[in-house]
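File shown: target_19.tsv. Contents: TSV, C-alpha atoms.
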chain	number	residue	atom	x	y	z
I	1	MET	CA	-97.81	-62.41	-2.01
I	2	ILE	CA	-97.31	-65.94	-3.35
I	3	LYS	CA	-96.48	-67.18	0.17
I	4	PHE	CA	-99.63	-65.50	1.46
I	5	PHE	CA	-101.89	-67.35	-0.99
I	6	ARG	CA	-100.03	-70.62	-0.39
I	7	LYS	CA	-100.59	-70.28	3.39
I	8	ILE	CA	-104.33	-69.78	2.85
I	9	ARG	CA	-104.53	-72.93	0.74
I	10	GLN	CA	-102.60	-74.95	3.30
I	11	ASN	CA	-104.87	-73.77	6.12
I	12	LEU	CA	-107.99	-74.72	4.18
I	13	LEU	CA	-106.62	-78.18	3.46
I	14	SER	CA	-105.44	-78.77	7.02
I	15	GLU	CA	-108.89	-77.80	8.35
I	16	GLY	CA	-110.57	-80.21	5.92
I	17	LYS	CA	-112.45	-77.48	4.15
I	18	THR	CA	-112.09	-79.05	0.71
I	19	GLY	CA	-115.10	-77.27	-0.82
I	20	LYS	CA	-113.83	-73.89	0.22
I	21	TYR	CA	-110.38	-74.85	-1.00
I	22	PHE	CA	-111.61	-75.57	-4.53
I	23	LYS	CA	-113.64	-72.37	-4.57
I	24	TYR	CA	-110.60	-70.45	-3.46
I	25	ALA	CA	-108.40	-72.19	-6.04
I	26	ILE	CA	-110.84	-71.28	-8.82
I	27	GLY	CA	-110.92	-67.70	-7.59
I	28	GLU	CA	-107.17	-67.58	-7.56
I	29	ILE	CA	-107.05	-68.88	-11.14
I	30	LEU	CA	-109.57	-66.24	-12.19
I	31	LEU	CA	-107.45	-63.54	-10.59
I	32	VAL	CA	-104.40	-64.77	-12.50
I	33	VAL	CA	-106.34	-64.84	-15.77
I	34	ILE	CA	-107.71	-61.35	-15.16
I	35	GLY	CA	-104.21	-60.12	-14.38
I	36	ILE	CA	-102.88	-61.60	-17.62
I	37	LEU	CA	-105.72	-60.05	-19.63
I	38	ILE	CA	-105.10	-56.67	-18.07
I	39	ALA	CA	-101.39	-56.94	-18.84
I	40	LEU	CA	-102.15	-57.91	-22.45
I	41	SER	CA	-104.60	-55.01	-22.79
I	42	ILE	CA	-102.02	-52.55	-21.49
I	43	ASN	CA	-99.41	-53.97	-23.87
I	44	ASN	CA	-101.82	-53.78	-26.82
I	45	TRP	CA	-102.71	-50.21	-25.89
I	46	ASN	CA	-99.03	-49.29	-25.80
I	47	GLU	CA	-98.41	-50.94	-29.17
I	48	ASN	CA	-101.42	-49.23	-30.72
I	49	LYS	CA	-100.25	-45.92	-29.31
I	50	LYS	CA	-96.81	-46.43	-30.84
I	51	ALA	CA	-98.41	-47.37	-34.19
I	52	SER	CA	-100.65	-44.29	-34.10
I	53	LEU	CA	-97.71	-42.00	-33.38
I	54	LYS	CA	-95.74	-43.59	-36.21
I	55	GLU	CA	-98.72	-43.29	-38.54
I	56	ALA	CA	-99.06	-39.60	-37.65
I	57	ALA	CA	-95.34	-39.03	-38.28
I	58	ASN	CA	-95.54	-40.80	-41.66
I	59	LEU	CA	-98.60	-38.83	-42.73
I	60	LYS	CA	-96.99	-35.56	-41.66
I	61	SER	CA	-93.97	-36.34	-43.85
I	62	ILE	CA	-96.13	-37.42	-46.80
I	63	LYS	CA	-98.23	-34.26	-46.45
I	64	SER	CA	-95.15	-32.06	-46.50
I	65	GLU	CA	-93.92	-33.81	-49.66
I	66	LEU	CA	-97.32	-33.53	-51.33
I	67	GLU	CA	-97.56	-29.82	-50.52
I	68	SER	CA	-94.17	-29.26	-52.15
I	69	SER	CA	-95.19	-31.22	-55.26
I	70	LEU	CA	-98.54	-29.44	-55.40
I	71	GLN	CA	-96.85	-26.05	-55.55
I	72	GLU	CA	-94.67	-27.22	-58.44
I	73	ILE	CA	-97.43	-28.99	-60.34
I	74	ARG	CA	-99.67	-25.92	-60.19
I	75	THR	CA	-96.90	-23.82	-61.73
I	76	ASP	CA	-96.37	-26.42	-64.47
I	77	TYR	CA	-100.13	-26.63	-65.01
I	78	ASP	CA	-100.36	-22.89	-65.69
I	79	ARG	CA	-97.64	-23.28	-68.31
I	80	ILE	CA	-99.21	-26.21	-70.14
I	81	VAL	CA	-102.60	-24.49	-70.20
I	82	LYS	CA	-100.87	-21.54	-71.91
I	83	TYR	CA	-99.15	-23.91	-74.37
I	84	LYS	CA	-102.44	-25.61	-75.10
I	85	GLN	CA	-104.13	-22.27	-75.82
I	86	SER	CA	-101.30	-21.27	-78.15
I	87	THR	CA	-101.65	-24.56	-80.05
I	88	LEU	CA	-105.39	-23.97	-80.34
I	89	ASN	CA	-104.74	-20.43	-81.58
I	90	ILE	CA	-102.50	-21.78	-84.35
I	91	TYR	CA	-105.22	-24.20	-85.43
I	92	LYS	CA	-107.60	-21.22	-85.67
I	93	TYR	CA	-105.05	-19.33	-87.76
I	94	ILE	CA	-104.98	-22.23	-90.20
I	95	GLN	CA	-108.77	-22.30	-90.43
I	96	GLU	CA	-109.43	-18.55	-90.52
I	97	LYS	CA	-106.20	-17.42	-92.25
I	98	PRO	CA	-105.80	-13.98	-90.63
I	99	ALA	CA	-103.01	-11.56	-91.53
I	100	LEU	CA	-99.73	-12.23	-89.72
I	101	VAL	CA	-99.17	-10.04	-86.65
I	102	ASP	CA	-96.41	-10.00	-84.05
I	103	SER	CA	-98.56	-11.53	-81.28
I	104	MET	CA	-98.74	-14.79	-83.28
I	105	TYR	CA	-94.99	-15.27	-82.86
I	106	PHE	CA	-95.50	-16.11	-79.19
I	107	ASP	CA	-98.03	-18.81	-80.09
I	108	PHE	CA	-95.74	-20.40	-82.66
I	109	HIS	CA	-92.94	-20.74	-80.14
I	110	ASN	CA	-95.22	-21.80	-77.29
I	111	SER	CA	-96.53	-24.65	-79.44
I	112	ILE	CA	-93.20	-26.51	-79.07
I	113	GLN	CA	-92.79	-25.89	-75.35
I	114	PHE	CA	-93.35	-28.47	-72.63
I	115	SER	CA	-92.95	-28.68	-68.88
I	116	MET	CA	-90.60	-31.16	-67.18
I	117	PHE	CA	-92.40	-32.19	-64.01
I	118	PHE	CA	-90.17	-33.36	-61.15
I	119	PRO	CA	-92.40	-34.43	-58.26
I	120	LYS	CA	-90.97	-34.99	-54.79
I	121	THR	CA	-91.10	-38.75	-54.11
I	122	SER	CA	-88.25	-39.58	-51.71
I	123	THR	CA	-90.49	-39.77	-48.62
I	124	TYR	CA	-93.01	-41.98	-50.39
I	125	GLU	CA	-90.28	-44.27	-51.74
I	126	THR	CA	-88.96	-44.70	-48.19
I	127	PHE	CA	-92.35	-45.47	-46.70
I	128	LYS	CA	-93.90	-47.67	-49.39
I	129	SER	CA	-91.66	-50.60	-48.45
I	130	GLY	CA	-93.77	-51.23	-45.34
I	131	ASN	CA	-94.69	-48.13	-43.42
I	132	LEU	CA	-97.68	-47.35	-45.65
I	133	ASP	CA	-99.41	-50.32	-44.03
I	134	LEU	CA	-99.54	-48.27	-40.83
I	135	ILE	CA	-102.11	-45.96	-42.43
I	136	LYS	CA	-105.38	-47.22	-40.98
I	137	SER	CA	-107.62	-45.69	-43.62
I	138	ASP	CA	-107.69	-47.93	-46.70
I	139	SER	CA	-109.12	-45.13	-48.84
I	140	LEU	CA	-106.37	-42.70	-47.83
I	141	ARG	CA	-103.65	-45.28	-48.38
I	142	MET	CA	-104.98	-46.06	-51.87
I	143	LEU	CA	-105.31	-42.36	-52.68
I	144	ILE	CA	-101.66	-41.76	-51.76
I	145	ILE	CA	-100.62	-44.71	-53.92
I	146	ASP	CA	-102.71	-43.39	-56.83
I	147	ILE	CA	-101.05	-39.97	-56.58
I	148	TYR	CA	-97.53	-41.37	-56.77
I	149	GLU	CA	-97.98	-44.52	-58.87
I	150	ALA	CA	-100.62	-43.26	-61.31
I	151	GLY	CA	-100.83	-39.45	-61.33
I	152	PHE	CA	-97.12	-38.63	-61.20
I	153	VAL	CA	-96.16	-41.53	-63.46
I	154	ARG	CA	-98.69	-40.59	-66.17
I	155	ILE	CA	-97.46	-36.99	-66.26
I	156	LYS	CA	-93.80	-37.99	-66.45
I	157	THR	CA	-94.48	-40.67	-69.07
I	158	LYS	CA	-96.15	-38.14	-71.38
I	159	VAL	CA	-92.80	-36.36	-71.85
I	160	GLY	CA	-91.40	-39.34	-73.74
I	161	SER	CA	-94.58	-40.46	-75.50
I	162	ARG	CA	-95.93	-39.68	-78.97
I	163	ARG	CA	-98.52	-37.50	-77.30
I	164	ASN	CA	-95.85	-35.00	-76.34
I	165	ALA	CA	-96.90	-32.07	-78.52
I	166	ALA	CA	-93.46	-30.49	-78.32
I	167	ASN	CA	-91.72	-33.60	-79.68
I	168	LEU	CA	-94.37	-33.96	-82.35
I	169	LEU	CA	-94.06	-30.41	-83.66
I	170	PHE	CA	-90.37	-29.66	-83.18
I	171	PRO	CA	-88.99	-31.32	-86.36
I	172	TYR	CA	-91.45	-29.33	-88.48
I	173	TYR	CA	-90.79	-26.18	-86.47
I	174	LYS	CA	-87.02	-26.37	-87.07
I	175	GLU	CA	-87.59	-26.49	-90.82
I	176	HIS	CA	-90.24	-23.78	-91.12
I	177	PHE	CA	-89.59	-21.34	-88.27
I	178	THR	CA	-86.81	-19.19	-86.89
I	179	THR	CA	-86.52	-18.65	-83.14
I	180	LYS	CA	-85.54	-15.17	-82.05
I	181	LEU	CA	-85.11	-13.36	-78.76
I	182	ILE	CA	-86.92	-10.12	-78.05
I	183	PRO	CA	-86.62	-7.98	-74.91
I	184	ASN	CA	-89.18	-8.89	-72.29
I	185	SER	CA	-91.55	-6.17	-71.16
I	186	ASP	CA	-90.54	-7.14	-67.63
I	187	GLU	CA	-86.92	-5.98	-67.34
I	188	ASN	CA	-86.26	-8.50	-64.58
I	189	HIS	CA	-86.83	-11.45	-66.93
I	190	GLY	CA	-84.48	-10.58	-69.78
I	191	TYR	CA	-85.68	-11.89	-73.13
I	192	THR	CA	-88.62	-13.81	-74.52
I	193	HIS	CA	-88.47	-16.43	-77.28
I	194	VAL	CA	-90.68	-16.07	-80.34
I	195	GLY	CA	-91.13	-18.24	-83.41
I	196	ILE	CA	-91.16	-16.42	-86.74
I	197	PRO	CA	-92.45	-18.38	-89.76
I	198	LYS	CA	-90.25	-18.43	-92.84
I	199	ASP	CA	-93.29	-18.63	-95.13
I	200	TYR	CA	-96.54	-17.83	-93.32
I	201	GLU	CA	-98.67	-18.32	-96.43
I	202	HIS	CA	-97.31	-21.82	-96.87
I	203	LEU	CA	-98.18	-22.75	-93.26
I	204	LEU	CA	-101.82	-21.76	-93.73
I	205	TYR	CA	-102.29	-24.21	-96.61
I	206	ASP	CA	-99.91	-27.00	-95.58
I	207	SER	CA	-101.96	-30.11	-94.75
I	208	GLU	CA	-99.00	-31.64	-92.90
I	209	PHE	CA	-98.84	-28.67	-90.53
I	210	GLU	CA	-102.59	-28.78	-89.94
I	211	THR	CA	-102.43	-32.49	-89.14
I	212	LEU	CA	-99.53	-32.01	-86.74
I	213	ILE	CA	-101.30	-29.15	-84.95
I	214	ALA	CA	-104.51	-31.22	-84.65
I	215	GLU	CA	-102.53	-34.15	-83.18
I	216	ALA	CA	-100.68	-31.77	-80.86
I	217	MET	CA	-104.00	-30.40	-79.63
I	218	LEU	CA	-105.07	-33.92	-78.64
I	219	GLY	CA	-101.82	-34.45	-76.78
I	220	ARG	CA	-102.15	-31.10	-75.01
I	221	SER	CA	-105.71	-31.89	-73.94
I	222	MET	CA	-104.69	-35.26	-72.51
I	223	GLU	CA	-101.78	-33.65	-70.67
I	224	VAL	CA	-104.00	-30.97	-69.15
I	225	SER	CA	-106.47	-33.65	-68.02
I	226	ASP	CA	-103.67	-35.64	-66.35
I	227	PHE	CA	-102.50	-32.53	-64.50
I	228	GLU	CA	-106.01	-31.60	-63.39
I	229	ARG	CA	-106.73	-35.12	-62.13
I	230	THR	CA	-103.45	-35.32	-60.24
I	231	ILE	CA	-103.89	-31.87	-58.68
I	232	GLU	CA	-107.35	-32.92	-57.51
I	233	TRP	CA	-105.93	-36.11	-55.98
I	234	ILE	CA	-103.15	-34.23	-54.18
I	235	GLU	CA	-105.56	-31.64	-52.77
I	236	LYS	CA	-107.89	-34.39	-51.60
I	237	GLY	CA	-104.98	-36.35	-50.10
I	238	ILE	CA	-103.78	-33.34	-48.10
I	239	GLU	CA	-107.33	-32.70	-46.93
I	240	GLU	CA	-107.78	-36.33	-45.86
I	241	ILE	CA	-104.48	-36.33	-43.96
I	242	ASP	CA	-105.53	-33.18	-42.07
I	243	ARG	CA	-108.91	-34.73	-41.30
Could you express the structure from this file as structure tokens?
Amino acid sequence: MIKFFRKIRQNLLSEGKTGKYFKYAIGEILLVVIGILIALSINNWNENKKASLKEAANLKSIKSELESSLQEIRTDYDRIVKYKQSTLNIYKYIQEKPALVDSMYFDFHNSIQFSMFFPKTSTYETFKSGNLDLIKSDSLRMLIIDIYEAGFVRIKTKVGSRRNAANLLFPYYKEHFTTKLIPNSDENHGYTHVGIPKDYEHLLYDSEFETLIAEAMLGRSMEVSDFERTIEWIEKGIEEIDR
């Protein structure tokens, strides 16, 4: 092909057709440029295709990890809502001073319970070193970062903070309650823990206990809010990945 074009140029020059020669030369240059542009476009298309496939693979892995964490966080959320309600019930007992009944024992023990959340993060940790940049949607990328770096971190941090209701109440609980096991109504789940007060009348009028329960309620409310926000983010993230 190169020899063919060279022969044409030589013929034009030998025949003295300089004008046609220059026109031909310009045309040949344009053909070369067009060929280069086409080659670059094909290469860019291939690279973009590879990036899109890699993005899809990353998002599929992240989605799978988020779905696993979502299942666990929903289970933990149900527990902490129950613990929060029990703490609120105890505060009502202090205010209303009802007679002691067996059902209260569950609330007393639930008040010192907490949930250890262990989100799945290995996929995210692998990808955040560079592969997250492949996600074209800025809003989706930031949402994924918020889930892992804000939502999960806030929940896990609460366990060791002063807002952990269980940590706050447990020293008092050890002094004023006795934990016992009673057979569970569901035979498949063995026994249930209950907290039995050593002096119920004292608890109702103890300002220290009231203060601790009030502080624990604040911690429970903050914890529930963190769970609800993170669940909402995860659900939205999964939805955005599917979209």
Query raised in the report: Do you know which residues are at most 9 Å from Tyr124 (chain I) counting only C-alpha atoms, after dropping those on the same chain fewer than 2 positions away, and could you put them as JSON, numbers by chain?
Result: {"I": [61, 62, 65, 120, 121, 122, 126, 127, 128, 129, 132, 144, 145, 148]}
Requested in this report: Please work out which residues fall within 6 Å of (-82.1, -9.0, -73.4), coordinates as given in the file, with all atoms listed in the file counting, and return them as number ranges by chain.
Outcome: I: 183, 190-191
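Distances here use only C-alpha atoms; by that measure, the residue among I:Ile34, I:Leu59, I:Ala99, I:Leu168 closest to Tyr200 (chain I) is I:Ala99.
You will find CA of Ser161 (chain I) at 11.8 Å from CA of Met222 (chain I).
One finds CA of Ala216 (chain I) at 18.8 Å from CA of Phe117 (chain I).
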With N, CA and C atoms as the target, complete region 101-120 of chain I and hand it back as a short mmCIF file (atom, residue, chain, number, x, y, z; two decimals), in the frame of the given file.
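Output below, filename part-v6.cif:
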data_model
loop_
_atom_site.label_atom_id
_atom_site.label_comp_id
_atom_site.auth_asym_id
_atom_site.auth_seq_id
_atom_site.Cartn_x
_atom_site.Cartn_y
_atom_site.Cartn_z
N VAL I 101 -99.49 -11.14 -87.57
CA VAL I 101 -99.17 -10.04 -86.65
C VAL I 101 -98.17 -10.56 -85.62
N ASP I 102 -97.49 -9.63 -84.96
CA ASP I 102 -96.41 -10.00 -84.05
C ASP I 102 -96.87 -10.91 -82.91
N SER I 103 -98.09 -10.73 -82.42
CA SER I 103 -98.56 -11.53 -81.28
C SER I 103 -98.61 -13.02 -81.60
N MET I 104 -98.72 -13.37 -82.89
CA MET I 104 -98.74 -14.79 -83.28
C MET I 104 -97.40 -15.46 -83.03
N TYR I 105 -96.32 -14.69 -83.04
CA TYR I 105 -94.99 -15.27 -82.86
C TYR I 105 -94.87 -16.00 -81.52
N PHE I 106 -95.53 -15.46 -80.51
CA PHE I 106 -95.50 -16.11 -79.19
C PHE I 106 -96.19 -17.47 -79.25
N ASP I 107 -97.31 -17.54 -79.97
CA ASP I 107 -98.03 -18.81 -80.09
C ASP I 107 -97.21 -19.85 -80.82
N PHE I 108 -96.54 -19.44 -81.89
CA PHE I 108 -95.74 -20.40 -82.66
C PHE I 108 -94.64 -21.01 -81.80
N HIS I 109 -94.00 -20.18 -80.99
CA HIS I 109 -92.94 -20.74 -80.14
C HIS I 109 -93.51 -21.53 -78.97
N ASN I 110 -94.61 -21.07 -78.40
CA ASN I 110 -95.22 -21.80 -77.29
C ASN I 110 -95.68 -23.20 -77.70
N SER I 111 -96.00 -23.36 -78.97
CA SER I 111 -96.53 -24.65 -79.44
C SER I 111 -95.51 -25.78 -79.29
N ILE I 112 -94.22 -25.45 -79.21
CA ILE I 112 -93.20 -26.51 -79.07
C ILE I 112 -92.64 -26.59 -77.65
N GLN I 113 -93.27 -25.87 -76.73
CA GLN I 113 -92.79 -25.89 -75.35
C GLN I 113 -93.45 -27.02 -74.56
N PHE I 114 -92.78 -27.47 -73.53
CA PHE I 114 -93.35 -28.47 -72.63
C PHE I 114 -92.76 -28.26 -71.24
N SER I 115 -93.39 -28.87 -70.26
CA SER I 115 -92.95 -28.68 -68.88
C SER I 115 -92.41 -30.00 -68.34
N MET I 116 -91.21 -29.98 -67.79
CA MET I 116 -90.60 -31.16 -67.18
C MET I 116 -90.98 -31.21 -65.70
N PHE I 117 -91.91 -32.09 -65.38
CA PHE I 117 -92.40 -32.19 -64.01
C PHE I 117 -91.50 -33.09 -63.18
N PHE I 118 -91.04 -32.58 -62.05
CA PHE I 118 -90.17 -33.36 -61.15
C PHE I 118 -90.81 -33.42 -59.76
N PRO I 119 -91.73 -34.36 -59.56
CA PRO I 119 -92.40 -34.43 -58.26
C PRO I 119 -91.46 -34.91 -57.16
N LYS I 120 -91.73 -34.51 -55.95
CA LYS I 120 -90.97 -34.99 -54.79
C LYS I 120 -91.51 -36.37 -54.41
#
